[in-house]
Amino acid sequence: MRQRGRLAGFSLYVSTDGAIDNSSLCYKDGPALPSLDFIINCVKYGRYVNFYNERLDGVSYPVGYAQLTYTELCEDTVYGTFVYVF
């Protein structure tokens, strides 16, 4: 449960330049605690996948969310398909 609470609320963004400001939201977790083994299907165009998670002061989070976030990713795999249109 501890690891799930630390991971809870994370987001994945896809971008062409790595900047969050220029990215598209691919996945937003919540409000239930995430499984520690999951697959996310995201159909977006980009070069970078950004993992983002935070806890802000003064914000109430759902039950089970840890006060602080920790990233404990063991493995991540990104598969891509390129389609060329002429």
# chains A, B, ... in the order shown; residues from 1 in each chain; ligands from 1

$ closest_atom_pairs --of "stretch 6-31 of chain A" --to "stretch 60-67 of chain A" --cutoff "7 Å" --atoms "only C-alpha atoms" --output "CSV"
residue,atom,partner,partner_atom,distance
A:Arg6,CA,A:Ala66,CA,5.0
A:Ala8,CA,A:Tyr65,CA,6.0
A:Pro31,CA,A:Pro62,CA,6.3

$ write_last_selection --atoms "N, CA, C and O atoms" --output "PDB file, in the first residue's frame"
ATOM      1  N   ARG A   6       2.417   6.426  -2.727  1.00  0.00           N
ATOM      2  CA  ARG A   6       3.464   7.331  -3.232  1.00  0.00           C
ATOM      3  C   ARG A   6       3.295   7.604  -4.724  1.00  0.00           C
ATOM      4  O   ARG A   6       3.578   8.688  -5.205  1.00  0.00           O
ATOM      5  N   ALA A   8       0.415   7.368  -6.401  1.00  0.00           N
ATOM      6  CA  ALA A   8      -0.936   7.856  -6.690  1.00  0.00           C
ATOM      7  C   ALA A   8      -0.940   9.292  -7.220  1.00  0.00           C
ATOM      8  O   ALA A   8      -0.205  10.147  -6.750  1.00  0.00           O
ATOM      9  N   PRO A  31      -8.988   8.966  -8.835  1.00  0.00           N
ATOM     10  CA  PRO A  31      -8.589   9.212  -7.463  1.00  0.00           C
ATOM     11  C   PRO A  31      -8.237   7.932  -6.692  1.00  0.00           C
ATOM     12  O   PRO A  31      -7.670   8.006  -5.621  1.00  0.00           O
TER      13      PRO A  31
END

$ select_by_dssp --residues "chain A" --states "strand (DSSP E)" --output "list in words"
Ser11, Leu12, Tyr13, Val14, Ser15, Ser24, Leu25, Cys26, Tyr27, Lys28, Tyr48, Val49, Asn50, Phe51 and Tyr52 of chain A

$ write_last_selection --atoms "N, CA and C atoms" --output "CSV table (one decimal), in the first residue's frame"
chain,number,residue,atom,x,y,z
A,11,SER,N,0.9,11.6,-13.6
A,11,SER,CA,0.5,11.9,-14.9
A,11,SER,C,1.6,11.6,-15.9
A,12,LEU,N,1.2,11.2,-17.1
A,12,LEU,CA,2.1,11.0,-18.2
A,12,LEU,C,1.8,12.0,-19.3
A,13,TYR,N,2.8,12.7,-19.8
A,13,TYR,CA,2.7,13.6,-20.9
A,13,TYR,C,3.6,13.2,-22.1
A,14,VAL,N,3.1,13.5,-23.3
A,14,VAL,CA,3.9,13.2,-24.5
A,14,VAL,C,4.2,14.6,-25.2
A,15,SER,N,5.5,14.8,-25.6
A,15,SER,CA,5.8,16.0,-26.2
A,15,SER,C,6.9,15.8,-27.3
A,24,SER,N,1.2,17.0,-24.4
A,24,SER,CA,-0.2,16.6,-24.4
A,24,SER,C,-0.4,15.6,-23.2
A,25,LEU,N,-1.4,15.7,-22.4
A,25,LEU,CA,-1.7,14.8,-21.4
A,25,LEU,C,-2.1,13.5,-22.0
A,26,CYS,N,-1.4,12.4,-21.6
A,26,CYS,CA,-1.6,11.1,-22.1
A,26,CYS,C,-2.4,10.3,-21.1
A,27,TYR,N,-2.1,10.5,-19.8
A,27,TYR,CA,-2.8,9.7,-18.7
A,27,TYR,C,-2.7,10.5,-17.4
A,28,LYS,N,-3.8,10.5,-16.7
A,28,LYS,CA,-3.8,11.1,-15.3
A,28,LYS,C,-4.4,10.1,-14.4
A,48,TYR,N,9.1,12.5,-26.6
A,48,TYR,CA,9.4,12.4,-25.1
A,48,TYR,C,8.2,12.0,-24.4
A,49,VAL,N,8.4,11.1,-23.4
A,49,VAL,CA,7.3,10.8,-22.4
A,49,VAL,C,7.8,11.3,-21.0
A,50,ASN,N,7.0,12.1,-20.4
A,50,ASN,CA,7.3,12.7,-19.1
A,50,ASN,C,6.4,12.1,-18.1
A,51,PHE,N,7.0,11.7,-17.0
A,51,PHE,CA,6.3,11.2,-15.8
A,51,PHE,C,6.3,12.3,-14.8
A,52,TYR,N,5.1,12.7,-14.3
A,52,TYR,CA,5.0,13.9,-13.4
A,52,TYR,C,4.1,13.5,-12.3

$ atom_distance --atom1 "atom CA of A:Glu72" --atom2 "atom CA of A:Cys42"
21.3 Å

$ atom_distance --atom1 "atom CA of A:Met1" --atom2 "atom CA of A:Leu33"
8.5 Å

$ residues_around --residues "A:Thr71" --least-positions-apart "3" --cutoff "9 Å" --atoms "only C-alpha atoms" --output "short mmCIF file (atom, residue, chain, number, x, y, z; two decimals) with N, CA and C atoms, in the first residue's frame"
data_model
loop_
_atom_site.label_atom_id
_atom_site.label_comp_id
_atom_site.auth_asym_id
_atom_site.auth_seq_id
_atom_site.Cartn_x
_atom_site.Cartn_y
_atom_site.Cartn_z
N GLN A 3 3.75 1.92 -1.42
CA GLN A 3 4.22 2.28 -2.77
C GLN A 3 3.08 2.82 -3.62
N ARG A 6 2.42 6.43 -2.73
CA ARG A 6 3.46 7.33 -3.23
C ARG A 6 3.30 7.60 -4.72
N LEU A 7 2.86 6.61 -5.46
CA LEU A 7 2.70 6.72 -6.91
C LEU A 7 1.38 7.40 -7.30
N ASN A 53 4.57 13.90 -11.07
CA ASN A 53 3.78 13.69 -9.86
C ASN A 53 4.16 14.76 -8.85
#

$ closest_residue --among "A:Phe38, A:Gly30, A:Asn22, A:Gly46" --to "A:Thr77" --atoms "only C-alpha atoms"
A:Phe38

$ decode --residues "stretch 1-37 of chain A" --atoms "N, CA and C atoms" --output "short mmCIF file (atom, residue, chain, number, x, y, z; two decimals), in the first residue's frame"
data_model
loop_
_atom_site.label_atom_id
_atom_site.label_comp_id
_atom_site.auth_asym_id
_atom_site.auth_seq_id
_atom_site.Cartn_x
_atom_site.Cartn_y
_atom_site.Cartn_z
N MET A 1 0.82 -1.20 0.00
CA MET A 1 0.00 0.00 0.00
C MET A 1 0.87 1.26 0.00
N ARG A 2 2.00 1.21 0.69
CA ARG A 2 2.84 2.40 0.78
C ARG A 2 3.31 2.86 -0.60
N GLN A 3 3.75 1.92 -1.42
CA GLN A 3 4.22 2.28 -2.77
C GLN A 3 3.08 2.82 -3.62
N ARG A 4 1.90 2.24 -3.49
CA ARG A 4 0.74 2.71 -4.26
C ARG A 4 0.38 4.14 -3.87
N GLY A 5 0.46 4.47 -2.59
CA GLY A 5 0.16 5.82 -2.13
C GLY A 5 1.16 6.85 -2.60
N ARG A 6 2.42 6.43 -2.73
CA ARG A 6 3.46 7.33 -3.23
C ARG A 6 3.30 7.60 -4.72
N LEU A 7 2.86 6.61 -5.46
CA LEU A 7 2.70 6.72 -6.91
C LEU A 7 1.38 7.40 -7.30
N ALA A 8 0.41 7.37 -6.40
CA ALA A 8 -0.94 7.86 -6.69
C ALA A 8 -0.94 9.29 -7.22
N GLY A 9 -1.77 9.51 -8.22
CA GLY A 9 -1.96 10.85 -8.77
C GLY A 9 -0.99 11.24 -9.87
N PHE A 10 -0.19 10.31 -10.36
CA PHE A 10 0.80 10.66 -11.37
C PHE A 10 0.16 10.93 -12.73
N SER A 11 0.90 11.62 -13.57
CA SER A 11 0.46 11.93 -14.93
C SER A 11 1.56 11.56 -15.91
N LEU A 12 1.18 11.21 -17.12
CA LEU A 12 2.11 10.99 -18.22
C LEU A 12 1.79 11.99 -19.32
N TYR A 13 2.81 12.66 -19.82
CA TYR A 13 2.68 13.63 -20.89
C TYR A 13 3.56 13.21 -22.05
N VAL A 14 3.14 13.51 -23.27
CA VAL A 14 3.92 13.24 -24.47
C VAL A 14 4.19 14.58 -25.15
N SER A 15 5.45 14.78 -25.56
CA SER A 15 5.80 16.03 -26.23
C SER A 15 6.86 15.79 -27.29
N THR A 16 7.04 16.79 -28.13
CA THR A 16 8.06 16.71 -29.18
C THR A 16 9.38 17.30 -28.74
N ASP A 17 9.36 18.13 -27.66
CA ASP A 17 10.59 18.79 -27.22
C ASP A 17 10.96 18.54 -25.75
N GLY A 18 10.18 17.75 -25.05
CA GLY A 18 10.49 17.43 -23.66
C GLY A 18 9.93 18.39 -22.64
N ALA A 19 9.37 19.50 -23.06
CA ALA A 19 8.83 20.49 -22.12
C ALA A 19 7.37 20.19 -21.77
N ILE A 20 7.05 20.28 -20.49
CA ILE A 20 5.68 20.04 -20.04
C ILE A 20 4.73 21.06 -20.67
N ASP A 21 5.19 22.30 -20.82
CA ASP A 21 4.34 23.37 -21.38
C ASP A 21 3.85 23.06 -22.79
N ASN A 22 4.63 22.33 -23.55
CA ASN A 22 4.28 22.01 -24.94
C ASN A 22 3.83 20.57 -25.11
N SER A 23 3.35 19.96 -24.04
CA SER A 23 3.03 18.53 -24.11
C SER A 23 1.53 18.28 -24.07
N SER A 24 1.17 17.04 -24.40
CA SER A 24 -0.21 16.59 -24.36
C SER A 24 -0.37 15.58 -23.25
N LEU A 25 -1.41 15.75 -22.44
CA LEU A 25 -1.68 14.79 -21.38
C LEU A 25 -2.05 13.46 -22.00
N CYS A 26 -1.37 12.43 -21.58
CA CYS A 26 -1.60 11.08 -22.09
C CYS A 26 -2.41 10.26 -21.08
N TYR A 27 -2.11 10.46 -19.78
CA TYR A 27 -2.78 9.69 -18.73
C TYR A 27 -2.71 10.46 -17.43
N LYS A 28 -3.80 10.46 -16.68
CA LYS A 28 -3.85 11.07 -15.34
C LYS A 28 -4.44 10.05 -14.38
N ASP A 29 -3.68 9.66 -13.38
CA ASP A 29 -4.13 8.68 -12.40
C ASP A 29 -5.01 9.35 -11.35
N GLY A 30 -5.96 8.57 -10.82
CA GLY A 30 -6.74 9.05 -9.69
C GLY A 30 -8.22 8.84 -9.88
N PRO A 31 -8.99 8.97 -8.84
CA PRO A 31 -8.59 9.21 -7.46
C PRO A 31 -8.24 7.93 -6.69
N ALA A 32 -8.56 6.76 -7.23
CA ALA A 32 -8.24 5.50 -6.54
C ALA A 32 -6.74 5.23 -6.63
N LEU A 33 -6.21 4.46 -5.69
CA LEU A 33 -4.80 4.12 -5.72
C LEU A 33 -4.50 3.22 -6.91
N PRO A 34 -3.39 3.46 -7.59
CA PRO A 34 -3.06 2.67 -8.78
C PRO A 34 -2.54 1.29 -8.43
N SER A 35 -2.68 0.38 -9.36
CA SER A 35 -2.04 -0.92 -9.27
C SER A 35 -0.55 -0.69 -9.50
N LEU A 36 0.29 -1.56 -9.00
CA LEU A 36 1.72 -1.41 -9.23
C LEU A 36 2.18 -2.09 -10.52
N ASP A 37 1.29 -2.79 -11.18
CA ASP A 37 1.58 -3.45 -12.45
C ASP A 37 0.46 -3.08 -13.41
#
